[in-house]
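Undergrad: Next comes query_0.txt, compact mmCIF, C-alpha atoms and all ligand atoms:
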```txt
# COMPACT_ATOMS: atom_id res chain seq x y z
CA MET N 1 -15.30 -99.97 -13.03
CA LYS N 2 -14.44 -96.41 -12.08
CA HIS N 3 -10.91 -95.90 -10.90
CA ILE N 4 -10.76 -94.97 -7.24
CA LYS N 5 -7.88 -92.56 -6.72
CA LYS N 6 -5.32 -93.50 -4.11
CA VAL N 7 -4.38 -90.58 -1.87
CA ILE N 8 -1.56 -89.98 0.61
CA VAL N 9 -2.04 -87.08 3.03
CA LEU N 10 1.07 -85.53 4.57
CA GLY N 11 0.38 -83.47 7.67
CA SER N 12 -2.91 -85.29 8.17
CA THR N 13 -3.44 -84.14 11.76
CA GLY N 14 -3.30 -80.40 11.00
CA THR N 15 -6.26 -78.25 9.96
CA ILE N 16 -5.96 -78.84 6.21
CA GLY N 17 -5.06 -82.50 6.72
CA ARG N 18 -8.22 -83.14 8.72
CA LEU N 19 -10.38 -81.31 6.22
CA THR N 20 -8.83 -83.38 3.43
CA LEU N 21 -9.75 -86.56 5.27
CA ASP N 22 -13.28 -85.19 5.60
CA VAL N 23 -13.47 -84.71 1.82
CA ILE N 24 -12.17 -88.26 1.27
CA LYS N 25 -14.66 -89.68 3.78
CA ARG N 26 -17.57 -88.05 1.95
CA ASN N 27 -16.41 -89.44 -1.41
CA PRO N 28 -15.59 -93.13 -0.85
CA ASP N 29 -16.46 -93.93 -4.48
CA LYS N 30 -13.74 -91.55 -5.68
CA TYR N 31 -10.89 -91.59 -3.16
CA GLU N 32 -9.11 -94.03 -0.93
CA LEU N 33 -6.70 -92.91 1.77
CA ILE N 34 -3.70 -95.23 1.52
CA GLY N 35 -1.19 -93.35 3.68
CA VAL N 36 -0.93 -90.59 6.25
CA SER N 37 1.91 -88.71 7.86
CA GLY N 38 1.78 -86.75 11.11
CA LYS N 39 4.21 -84.94 13.33
CA SER N 40 3.31 -85.41 16.95
CA ASN N 41 -0.46 -85.51 17.45
CA ILE N 42 -0.48 -89.23 18.10
CA ASN N 43 -4.07 -89.48 19.33
CA GLU N 44 -5.48 -87.85 16.21
CA LEU N 45 -3.27 -90.08 14.05
CA ILE N 46 -4.51 -93.22 15.81
CA LYS N 47 -8.10 -92.04 15.32
CA GLN N 48 -7.46 -91.51 11.61
CA ILE N 49 -5.82 -94.91 11.17
CA SER N 50 -8.73 -96.66 12.91
CA GLU N 51 -11.25 -94.89 10.75
CA PHE N 52 -9.59 -94.93 7.30
CA LYS N 53 -7.40 -98.04 7.59
CA PRO N 54 -4.53 -96.83 5.41
CA SER N 55 -1.86 -99.42 4.65
CA ALA N 56 1.02 -97.21 5.77
CA VAL N 57 1.72 -94.40 8.16
CA HIS N 58 4.65 -92.10 8.75
CA ILE N 59 5.27 -90.33 12.02
CA TYR N 60 8.11 -87.86 12.50
CA ASP N 61 8.49 -88.48 16.20
CA TYR N 62 10.14 -91.90 16.46
CA LYS N 63 9.20 -92.17 20.15
CA ASN N 64 5.62 -92.75 19.07
CA VAL N 65 6.33 -95.50 16.54
CA TYR N 66 5.78 -98.33 19.01
CA LYS N 67 2.50 -96.92 20.25
CA ILE N 68 1.17 -97.22 16.70
CA LYS N 69 2.83 -100.58 15.98
CA ASP N 70 1.30 -102.10 19.10
CA GLU N 71 -2.15 -100.98 18.17
CA PHE N 72 -2.12 -101.82 14.46
CA VAL N 73 -0.12 -104.96 13.77
CA ASN N 74 -0.58 -105.10 10.00
CA LEU N 75 0.29 -101.48 9.37
CA GLU N 76 3.58 -100.37 7.82
CA VAL N 77 4.99 -97.69 10.13
CA TYR N 78 7.79 -95.37 9.02
CA THR N 79 9.59 -92.61 10.84
CA GLY N 80 12.20 -89.88 10.36
CA ASP N 81 13.10 -88.03 7.16
CA SER N 82 13.83 -91.17 5.15
CA GLY N 83 10.53 -92.68 6.23
CA ILE N 84 8.59 -90.15 4.23
CA CYS N 85 10.25 -91.39 1.02
CA LYS N 86 9.25 -94.95 1.90
CA LEU N 87 5.67 -93.82 2.39
CA LEU N 88 5.77 -92.06 -0.99
CA ASP N 89 7.19 -95.18 -2.67
CA ARG N 90 3.71 -96.68 -2.52
CA GLU N 91 1.61 -96.69 -5.64
CA CYS N 92 -0.62 -93.63 -5.47
CA ASP N 93 -2.34 -90.96 -7.57
CA ILE N 94 -2.40 -87.86 -5.41
CA VAL N 95 -0.24 -86.57 -2.59
CA VAL N 96 -1.76 -83.83 -0.47
CA ASN N 97 1.05 -81.91 1.19
CA ALA N 98 -0.47 -80.17 4.20
CA ILE N 99 2.73 -80.09 6.25
CA SER N 100 3.33 -76.71 7.84
CA GLY N 101 6.55 -74.77 7.28
CA PHE N 102 9.91 -75.49 5.66
CA ALA N 103 9.59 -79.16 6.59
CA GLY N 104 7.18 -79.53 3.66
CA LEU N 105 9.78 -78.80 0.98
CA ILE N 106 11.50 -82.19 0.67
CA PRO N 107 8.18 -84.11 0.71
CA SER N 108 6.95 -81.85 -2.13
CA ILE N 109 10.05 -82.57 -4.19
CA GLU N 110 9.90 -86.31 -3.47
CA SER N 111 6.24 -86.39 -4.56
CA LEU N 112 7.04 -84.63 -7.82
CA LYS N 113 9.99 -86.95 -8.48
CA ARG N 114 7.55 -89.84 -8.42
CA GLY N 115 5.34 -88.12 -10.97
CA PHE N 116 2.31 -87.80 -8.69
CA ARG N 117 -0.26 -85.06 -8.64
CA LEU N 118 0.77 -82.80 -5.80
CA ALA N 119 -2.15 -81.04 -4.13
CA LEU N 120 -0.08 -78.34 -2.52
CA ALA N 121 -1.18 -76.74 0.72
CA ASN N 122 2.41 -76.25 1.94
CA LYS N 123 3.03 -72.79 0.48
CA GLU N 124 6.56 -72.72 1.89
CA SER N 125 7.66 -75.22 -0.80
CA MET N 126 6.88 -72.61 -3.44
CA VAL N 127 8.10 -69.67 -1.40
CA VAL N 128 11.56 -70.99 -0.56
CA ALA N 129 12.32 -73.03 -3.68
CA GLY N 130 9.78 -72.08 -6.36
CA HIS N 131 12.23 -72.41 -9.26
CA LEU N 132 13.35 -75.90 -8.19
CA VAL N 133 9.85 -77.14 -7.44
CA LYS N 134 8.61 -75.99 -10.87
CA ASP N 135 11.63 -77.66 -12.52
CA PHE N 136 10.83 -80.95 -10.80
CA GLU N 137 7.19 -80.70 -11.86
CA LYS N 138 8.25 -80.36 -15.51
CA LYS N 139 11.09 -82.86 -15.48
CA TYR N 140 9.03 -85.66 -13.96
CA MET N 141 5.79 -84.74 -15.73
CA ALA N 142 4.08 -84.34 -12.38
CA GLN N 143 1.34 -81.84 -11.70
CA ILE N 144 0.95 -79.24 -8.97
CA ILE N 145 -2.57 -78.15 -8.08
CA PRO N 146 -2.66 -75.41 -5.47
CA VAL N 147 -4.82 -75.82 -2.37
CA ASP N 148 -4.31 -72.34 -0.90
CA SER N 149 -7.70 -70.67 -1.45
CA GLU N 150 -6.27 -67.67 -3.34
CA HIS N 151 -4.12 -69.79 -5.62
CA SER N 152 -6.86 -72.30 -6.24
CA ALA N 153 -9.01 -69.33 -7.30
CA ILE N 154 -6.32 -67.93 -9.62
CA PHE N 155 -5.66 -71.39 -11.06
CA GLN N 156 -9.36 -71.76 -11.86
CA CYS N 157 -9.71 -68.20 -13.23
CA ILE N 158 -6.71 -68.49 -15.54
CA ASP N 159 -7.79 -71.90 -16.79
CA ALA N 160 -6.45 -72.09 -20.35
CA HIS N 161 -6.01 -68.33 -20.80
CA ASP N 162 -2.53 -67.89 -19.37
CA LYS N 163 -1.34 -66.01 -22.47
CA TYR N 164 -3.74 -63.18 -21.68
CA VAL N 165 -3.10 -62.56 -17.99
CA LYS N 166 -2.39 -58.93 -17.19
CA ASN N 167 -2.43 -59.03 -13.38
CA VAL N 168 -3.48 -61.32 -10.61
CA ILE N 169 -5.22 -59.77 -7.65
CA LEU N 170 -4.76 -61.64 -4.41
CA THR N 171 -7.43 -60.87 -1.86
CA ALA N 172 -6.56 -60.55 1.82
CA SER N 173 -9.06 -60.52 4.66
CA GLY N 174 -6.82 -58.01 6.41
CA GLY N 175 -6.77 -60.17 9.52
CA PRO N 176 -8.00 -59.21 13.00
CA PHE N 177 -6.11 -55.89 13.02
CA ARG N 178 -7.38 -54.40 9.78
CA GLY N 179 -7.58 -50.62 10.15
CA TYR N 180 -5.10 -50.52 13.07
CA SER N 181 -2.39 -47.86 13.05
CA LYS N 182 1.16 -48.88 13.82
CA ASP N 183 0.79 -47.29 17.27
CA LYS N 184 -2.21 -49.42 18.04
CA LEU N 185 -0.46 -52.55 16.74
CA LYS N 186 2.24 -52.09 19.40
CA TYR N 187 -0.11 -53.24 22.11
CA VAL N 188 -2.00 -56.12 20.52
CA LYS N 189 -1.92 -59.43 22.36
CA CYS N 190 -1.29 -62.95 21.17
CA GLU N 191 -4.87 -63.97 22.06
CA ASP N 192 -6.25 -61.20 19.82
CA ALA N 193 -3.95 -62.15 16.94
CA LEU N 194 -5.24 -65.72 17.12
CA LYS N 195 -8.83 -64.58 16.50
CA HIS N 196 -9.06 -64.57 12.73
CA PRO N 197 -12.30 -63.00 11.48
CA THR N 198 -13.12 -65.37 8.61
CA TRP N 199 -10.88 -68.47 8.47
CA LYS N 200 -10.18 -71.19 11.04
CA MET N 201 -6.54 -72.19 10.63
CA GLY N 202 -3.42 -73.40 12.40
CA LYS N 203 -1.55 -71.06 14.75
CA ARG N 204 1.34 -70.00 12.56
CA ILE N 205 -0.79 -69.10 9.56
CA THR N 206 -3.24 -67.25 11.80
CA ILE N 207 -0.45 -65.04 13.15
CA ASP N 208 0.95 -64.69 9.62
CA SER N 209 -2.48 -63.49 8.53
CA ALA N 210 -2.50 -60.88 11.29
CA THR N 211 0.90 -59.50 10.18
CA LEU N 212 0.03 -60.00 6.47
CA ILE N 213 3.26 -61.99 6.17
CA ASN N 214 1.01 -64.81 4.96
CA LYS N 215 -0.09 -62.57 2.08
CA GLY N 216 3.55 -61.72 1.36
CA MET N 217 4.29 -65.45 1.14
CA GLU N 218 1.29 -65.93 -1.12
CA MET N 219 2.61 -63.25 -3.49
CA ILE N 220 5.84 -65.23 -3.88
CA GLU N 221 3.87 -68.48 -4.16
CA ALA N 222 1.75 -66.96 -6.97
CA LYS N 223 4.82 -65.73 -8.81
CA TRP N 224 6.22 -69.25 -9.15
CA LEU N 225 2.97 -71.14 -9.54
CA PHE N 226 1.78 -69.02 -12.43
CA GLY N 227 5.08 -67.76 -13.87
CA LEU N 228 4.30 -64.08 -13.20
CA GLU N 229 6.43 -60.94 -13.15
CA ASP N 230 6.58 -59.22 -9.76
CA ASN N 231 4.56 -56.22 -10.95
CA GLN N 232 1.73 -58.46 -12.14
CA ILE N 233 0.97 -59.42 -8.55
CA LYS N 234 -1.41 -57.12 -6.66
CA VAL N 235 -2.91 -57.39 -3.21
CA ILE N 236 -6.26 -55.98 -2.16
CA VAL N 237 -8.06 -56.15 1.18
CA HIS N 238 -11.45 -57.83 1.06
CA PRO N 239 -12.66 -58.37 4.63
CA GLN N 240 -15.50 -60.78 3.86
CA SER N 241 -13.29 -63.52 2.29
CA ILE N 242 -15.92 -64.34 -0.33
CA MET N 243 -13.94 -63.38 -3.43
CA HIS N 244 -10.90 -65.64 -3.13
CA SER N 245 -8.84 -63.84 -5.78
CA MET N 246 -9.20 -62.40 -9.26
CA VAL N 247 -7.40 -62.39 -12.57
CA GLN N 248 -7.33 -59.30 -14.75
CA PHE N 249 -6.84 -60.06 -18.44
CA VAL N 250 -5.25 -57.95 -21.18
CA ASP N 251 -8.68 -56.71 -22.31
CA ASN N 252 -9.33 -55.43 -18.77
CA SER N 253 -11.97 -58.00 -18.07
CA TYR N 254 -11.75 -59.69 -14.69
CA ILE N 255 -12.59 -63.20 -13.59
CA GLY N 256 -12.88 -63.86 -9.88
CA LEU N 257 -13.86 -66.89 -7.86
CA MET N 258 -16.41 -66.70 -5.07
CA SER N 259 -17.58 -69.12 -2.40
CA VAL N 260 -18.11 -69.22 1.33
CA PRO N 261 -14.74 -69.41 3.10
CA ASP N 262 -14.53 -73.19 3.50
CA MET N 263 -11.21 -74.87 2.70
CA ARG N 264 -12.94 -78.11 1.78
CA ILE N 265 -13.89 -76.47 -1.53
CA PRO N 266 -10.32 -75.82 -2.81
CA ILE N 267 -9.13 -79.10 -1.27
CA ALA N 268 -11.79 -81.07 -3.17
CA TYR N 269 -10.98 -79.19 -6.36
CA ALA N 270 -7.29 -80.09 -6.09
CA LEU N 271 -8.31 -83.74 -5.75
CA SER N 272 -10.95 -83.78 -8.49
CA TYR N 273 -9.48 -81.40 -11.12
CA PRO N 274 -10.45 -81.11 -13.95
CA GLU N 275 -13.75 -82.43 -12.65
CA ARG N 276 -15.79 -80.99 -9.81
CA ILE N 277 -17.56 -82.86 -7.06
CA LYS N 278 -20.72 -82.00 -5.15
CA ASN N 279 -20.47 -81.09 -1.50
CA ASP N 280 -22.69 -79.87 1.28
CA CYS N 281 -20.77 -76.67 1.97
CA SER N 282 -23.02 -73.62 2.36
CA GLU N 283 -24.26 -71.74 -0.68
CA LEU N 284 -23.65 -68.01 -0.90
CA ASP N 285 -26.60 -66.02 0.33
CA LEU N 286 -26.39 -63.53 -2.54
CA PHE N 287 -29.25 -61.33 -1.38
CA TYR N 288 -27.51 -60.60 1.91
CA LEU N 289 -23.99 -60.46 0.59
CA THR N 290 -21.85 -57.36 0.93
CA MET N 291 -18.44 -57.35 -0.66
CA THR N 292 -16.01 -54.49 -0.13
CA PHE N 293 -12.46 -53.89 -1.32
CA GLU N 294 -9.84 -51.65 0.26
CA LYS N 295 -6.23 -50.66 -0.24
CA VAL N 296 -3.67 -52.40 1.93
CA ASP N 297 -2.19 -50.09 4.57
CA ILE N 298 1.44 -50.79 3.73
CA ASP N 299 2.72 -48.50 6.50
CA SER N 300 1.07 -50.51 9.26
CA PHE N 301 1.56 -53.82 7.47
CA GLU N 302 5.05 -53.73 6.01
CA ALA N 303 4.97 -57.35 4.91
CA ILE N 304 3.58 -56.47 1.49
CA LYS N 305 6.36 -53.99 0.71
CA LEU N 306 8.87 -56.49 2.03
CA ALA N 307 7.51 -59.24 -0.22
CA TYR N 308 8.05 -57.10 -3.33
CA ASN N 309 11.67 -56.51 -2.29
CA ILE N 310 12.18 -60.20 -1.62
CA MET N 311 10.75 -61.13 -5.02
CA LYS N 312 13.11 -58.65 -6.66
CA GLU N 313 16.17 -59.98 -4.84
CA ASP N 314 15.05 -63.60 -5.17
CA GLY N 315 17.82 -66.21 -4.58
CA THR N 316 17.94 -67.34 -0.96
CA TYR N 317 16.04 -64.29 0.35
CA PRO N 318 12.64 -66.03 0.30
CA ALA N 319 14.04 -68.95 2.33
CA VAL N 320 15.48 -66.55 4.89
CA PHE N 321 12.17 -64.62 5.00
CA ASN N 322 10.30 -67.82 5.80
CA ALA N 323 12.89 -69.06 8.32
CA ALA N 324 13.00 -65.81 10.28
CA ASP N 325 9.21 -65.66 10.34
CA GLU N 326 8.87 -69.26 11.60
CA ILE N 327 11.10 -68.40 14.55
CA ALA N 328 9.55 -64.97 15.18
CA VAL N 329 5.99 -66.33 15.19
CA ASP N 330 7.01 -69.07 17.58
CA ALA N 331 8.57 -66.49 19.91
CA PHE N 332 5.41 -64.35 19.69
CA LEU N 333 3.19 -67.34 20.48
CA ASN N 334 5.40 -68.00 23.51
CA LYS N 335 5.10 -64.34 24.52
CA ARG N 336 8.82 -63.70 24.17
CA ILE N 337 8.36 -60.85 21.69
CA ASP N 338 5.64 -58.32 20.83
CA PHE N 339 3.51 -58.28 17.70
CA LEU N 340 5.52 -55.61 15.85
CA ASP N 341 8.76 -57.40 16.74
CA ILE N 342 7.78 -60.18 14.32
CA ILE N 343 8.35 -58.00 11.26
CA ASP N 344 11.42 -56.41 12.90
CA VAL N 345 13.00 -59.84 13.40
CA VAL N 346 12.31 -60.71 9.77
CA LYS N 347 13.70 -57.40 8.52
CA TYR N 348 16.82 -57.71 10.67
CA VAL N 349 17.59 -61.22 9.43
CA LEU N 350 16.98 -60.30 5.77
CA ASP N 351 19.27 -57.30 6.21
CA LYS N 352 22.11 -59.46 7.49
CA HIS N 353 21.73 -62.06 4.77
CA ILE N 354 24.21 -62.40 1.90
CA ASN N 355 22.09 -63.53 -1.01
CA ILE N 356 22.90 -66.51 -3.22
CA LYS N 357 21.36 -66.25 -6.67
CA ASN N 358 19.98 -69.35 -8.40
CA PRO N 359 20.40 -71.41 -5.25
CA THR N 360 20.66 -75.19 -5.18
CA LEU N 361 18.60 -77.22 -2.74
CA GLU N 362 21.61 -77.32 -0.40
CA ASP N 363 21.95 -73.52 -0.55
CA ILE N 364 18.28 -73.22 0.39
CA ILE N 365 18.58 -75.64 3.29
CA ASP N 366 21.66 -73.74 4.51
CA ALA N 367 19.86 -70.40 4.16
CA ASN N 368 16.92 -71.77 6.13
CA ASN N 369 19.19 -72.94 8.95
CA TRP N 370 21.13 -69.69 8.94
CA GLY N 371 17.90 -67.67 8.95
CA MET N 372 16.51 -69.60 11.91
CA GLU N 373 19.72 -69.31 13.93
CA THR N 374 20.12 -65.61 13.20
CA ALA N 375 16.50 -64.96 14.19
CA MET N 376 16.91 -66.92 17.42
CA GLN N 377 20.04 -65.00 18.35
CA PHE N 378 18.38 -61.65 17.62
CA ILE N 379 15.35 -62.57 19.77
CA LYS N 380 17.68 -63.62 22.57
CA ASP N 381 19.45 -60.25 22.38
CA LEU N 382 16.08 -58.44 22.35
CA ASN N 383 15.18 -60.13 25.61
CA HIS N 384 18.33 -58.99 27.43
MG MG B 1 -4.44 -68.32 1.61
```
Please re-express this file's structure in C-alpha cells.
TA:
Amino acid sequence: MKHIKKVIVLGSTGTIGRLTLDVIKRNPDKYELIGVSGKSNINELIKQISEFKPSAVHIYDYKNVYKIKDEFVNLEVYTGDSGICKLLDRECDIVVNAISGFAGLIPSIESLKRGFRLALANKESMVVAGHLVKDFEKKYMAQIIPVDSEHSAIFQCIDAHDKYVKNVILTASGGPFRGYSKDKLKYVKCEDALKHPTWKMGKRITIDSATLINKGMEMIEAKWLFGLEDNQIKVIVHPQSIMHSMVQFVDNSYIGLMSVPDMRIPIAYALSYPERIKNDCSELDLFYLTMTFEKVDIDSFEAIKLAYNIMKEDGTYPAVFNAADEIAVDAFLNKRIDFLDIIDVVKYVLDKHINIKNPTLEDIIDANNWGMETAMQFIKDLNH
C-alpha cells in the first residue's frame, strides 16, 4: 500500500494555509491532514476541523479553546506557545509553516528538531535567524523545502547544480505602485496599496509587496536557503508574475521557472518533492503571453538597497528589519502613518540598533522585541 503522508499545517486559516488544505483535499490518496494551528479565526478553524477531521488542533487564543472543545469532543486541543510543541510531537511527515511574521520562527525550529520536512512559507524564519535554522536542518537531518514562489523556483532551477550557480535573479511584480516617483508615493492610500496586481495574499505581505520590503526579505531568505554571497542575489521587475525567478549559471546559461501565479503550485511541490502531482491550475496561454523585465527603481523603492546593507551587516539587523516593518505595516493599515513612513520607520530603527554578530536565539528574540518597541515609540512621536 502507498504511504499516505501525514501533514500538519501551521497557520491554516491564512491565505497559504487555506490553499494548502485545498491541495490536500484534492489529493486524499497522498496526504492526510492530522493537525492544524490557527491564531484567531475561529470560524474558519471550526470549518476546517469539520471537513478534514484532524486528530489535534492548536489555537493561540486560549479564550477560544472551549468553543472548539465543546464542538469536537474527541479532538486534542492545545493552546499557547507550549501547545505548538505538543501538536508537533505527533507522528508526522511534513509540517507546512504558513504562520505570518516572527511568530513562525519557533515553530520552524521545533519542526526541524523533530526531523520533519518543513515546507516553509514563513519567510521570517529564514530572514531573522537563517544561520540557526540552517544549522537545525543539518543537525537533525530535517529538510526545508521553500514555499515562497520565488524560492520554490530557484530551488527547482538549481536542482543538483549548486556548484555552478553564478547568480540568482529574484523576480518582483513591482507591486501596485510600479513606475511611481517618490513624490507620487507620498500620497498613495492604504486601499490602493492593498490592490496587488497579480497575487492574492494576506495584508502584511501585500503592503510589503507595495514597498518592495517583501522582496528585500526574500533576498535575505534566498541568501540563507541557498548559501549565496550577497552579490549573487539580483532583483528584477517582471510585472506579469509568470517567471517566478531564474538562476544564472557559470556558463551564462539561465534556467527560469514559469507558471501562472497560483500558490497551489509551489505548495504542492513542497509537499510532493521530488515527485510532482497533477493539478487543475490554469495552463500558460503561450500564444498570448507577454513577458517584460525592468530595472528596479531603487530611489523610489529603497527597500532593495536597504536589504543589501542588512545582508552585509547581518547579525541581529535582519530581525530588527522585520520587527520594525511588522509594526510599521500595522500602523499604515490602521492609517496612523503614510506609505513612505513605513520605510522611514524601518530605517530609523535600524539606525538606532547596536548589532550583535552571530546572535543566539535569545539575542534574536531580544532584537525582535527591541525593534518592535523602538518602532512603536517612533510612530507615537511621529503622531505628536
Ligand atoms: Mg514571494
Undergrad: Counting all atoms listed in the file, what residues are within 7 Å of ligand MG 1 (chain B), given as a short mmCIF file (atom, residue, chain, number, x, y, z; two decimals) with C-alpha atoms, keeping the file's coordinate frame?
TA:
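After the write, out-v9.cif holds the following:
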```cif
data_model
loop_
_atom_site.label_atom_id
_atom_site.label_comp_id
_atom_site.auth_asym_id
_atom_site.auth_seq_id
_atom_site.Cartn_x
_atom_site.Cartn_y
_atom_site.Cartn_z
CA ASP N 148 -4.31 -72.34 -0.90
CA SER N 149 -7.70 -70.67 -1.45
CA GLU N 150 -6.27 -67.67 -3.34
CA GLU N 218 1.29 -65.93 -1.12
#
```
Undergrad: I'd like a table as CSV: residues in range 294-374 of chain N with an atom no more than 10 Å from range 158-174 of chain N, each row giving the shortest atom pair and its distance in Å to one decimal, all atoms listed in the file counted, sorted by chain and rising residue number.
TA:
```
residue,atom,partner,partner_atom,distance
N:Glu294,CA,N:Gly174,CA,9.3
N:Lys295,CA,N:Gly174,CA,9.9
N:Val296,CA,N:Gly174,CA,7.8
N:Asp297,CA,N:Gly174,CA,9.4
N:Phe301,CA,N:Gly174,CA,9.4
```
Undergrad: Write the residues of the selection above to a file with C-alpha atoms, as a PDB file, keeping the file's coordinate frame.
TA:
```
ATOM      1  CA  GLU N 294      -9.840 -51.650   0.260  1.00  0.00           C
ATOM      2  CA  LYS N 295      -6.230 -50.660  -0.240  1.00  0.00           C
ATOM      3  CA  VAL N 296      -3.670 -52.400   1.930  1.00  0.00           C
ATOM      4  CA  ASP N 297      -2.190 -50.090   4.570  1.00  0.00           C
ATOM      5  CA  PHE N 301       1.560 -53.820   7.470  1.00  0.00           C
TER       6      PHE N 301
END
```
Undergrad: Expressed in Å to a single decimal, how great is the separation between CA of Ile144 in chain N and CA of Leu118 in chain N?
TA: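 Those two atoms sit 4.8 Å apart.
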Undergrad: Which polymer residues, protein or nucleic acid, are no farther than 7 Å from (1.0, -75.5, -5.5), counting only C-alpha atoms, as a list in words?
TA: Ala119, Leu120, Ala121, Lys123, Met126, Ile144, Ile145, Pro146, Val147 and Leu225 of chain N
Undergrad: May I have the selected residues written with C-alpha atoms, as a PDB file, in the frame of the given file?
TA:
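again12.pdb, written as the output of this step:
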```pdb
ATOM      1  CA  ALA N 119      -2.150 -81.040  -4.130  1.00  0.00           C
ATOM      2  CA  LEU N 120      -0.080 -78.340  -2.520  1.00  0.00           C
ATOM      3  CA  ALA N 121      -1.180 -76.740   0.720  1.00  0.00           C
ATOM      4  CA  LYS N 123       3.030 -72.790   0.480  1.00  0.00           C
ATOM      5  CA  MET N 126       6.880 -72.610  -3.440  1.00  0.00           C
ATOM      6  CA  ILE N 144       0.950 -79.240  -8.970  1.00  0.00           C
ATOM      7  CA  ILE N 145      -2.570 -78.150  -8.080  1.00  0.00           C
ATOM      8  CA  PRO N 146      -2.660 -75.410  -5.470  1.00  0.00           C
ATOM      9  CA  VAL N 147      -4.820 -75.820  -2.370  1.00  0.00           C
ATOM     10  CA  LEU N 225       2.970 -71.140  -9.540  1.00  0.00           C
TER      11      LEU N 225
END
```
Undergrad: Compare N:Ile236, N:Ile298, N:Ile356, N:Ile364 by their minimum atom-to-atom distance to Phe102 in chain N, counting only C-alpha atoms, and give me the closest one.
TA: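 Comparing N:Ile236, N:Ile298, N:Ile356, N:Ile364 against Phe102 in chain N, the winner is N:Ile364.
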Undergrad: Which is closest to Ala268 in chain N among N:Phe72, N:Ile213, N:Cys281, N:Leu10, if we use all atoms listed in the file?
TA: N:Cys281
Undergrad: Using all atoms listed in the file, which of N:Val77, N:Ala56, N:Ile337, N:Ile242 sits nearest Trp199 in chain N?
TA: N:Ile242
Undergrad: So, counting all atoms listed in the file, which residue among N:Asn355, N:Thr290, N:Ser282, N:Ser50 is closest to Gly315 in chain N?
TA: N:Asn355
Undergrad: If we count all atoms listed in the file and set the cut-off at 7 Å, which residues sit around range 325-329 of chain N, ignoring sequence neighbours fewer than 2 positions away in its own chain? Please answer as a list in words.
TA: Arg204, Ile207, Phe321, Asn322, Ala323, Ala331, Phe332, Leu333, Ile342, Val345, Val346, Met372, Ala375 and Met376 of chain N
Undergrad: I need the residues from that last selection saved to file as a JSON list (two decimals), in the coordinates of the input (with C-alpha atoms), if you can.
TA:
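Okay, out_4.json is ready:
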```json
[["chain", "number", "residue", "atom", "x", "y", "z"],
["N", 204, "ARG", "CA", 1.34, -70.00, 12.56],
["N", 207, "ILE", "CA", -0.45, -65.04, 13.15],
["N", 321, "PHE", "CA", 12.17, -64.62, 5.00],
["N", 322, "ASN", "CA", 10.30, -67.82, 5.80],
["N", 323, "ALA", "CA", 12.89, -69.06, 8.32],
["N", 331, "ALA", "CA", 8.57, -66.49, 19.91],
["N", 332, "PHE", "CA", 5.41, -64.35, 19.69],
["N", 333, "LEU", "CA", 3.19, -67.34, 20.48],
["N", 342, "ILE", "CA", 7.78, -60.18, 14.32],
["N", 345, "VAL", "CA", 13.00, -59.84, 13.40],
["N", 346, "VAL", "CA", 12.31, -60.71, 9.77],
["N", 372, "MET", "CA", 16.51, -69.60, 11.91],
["N", 375, "ALA", "CA", 16.50, -64.96, 14.19],
["N", 376, "MET", "CA", 16.91, -66.92, 17.42]]
```
Undergrad: Between CA of Tyr66 in chain N and CA of Ser12 in chain N, measure the distance and give it in Å to one decimal.
TA: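 Those two atoms sit 19.1 Å apart.
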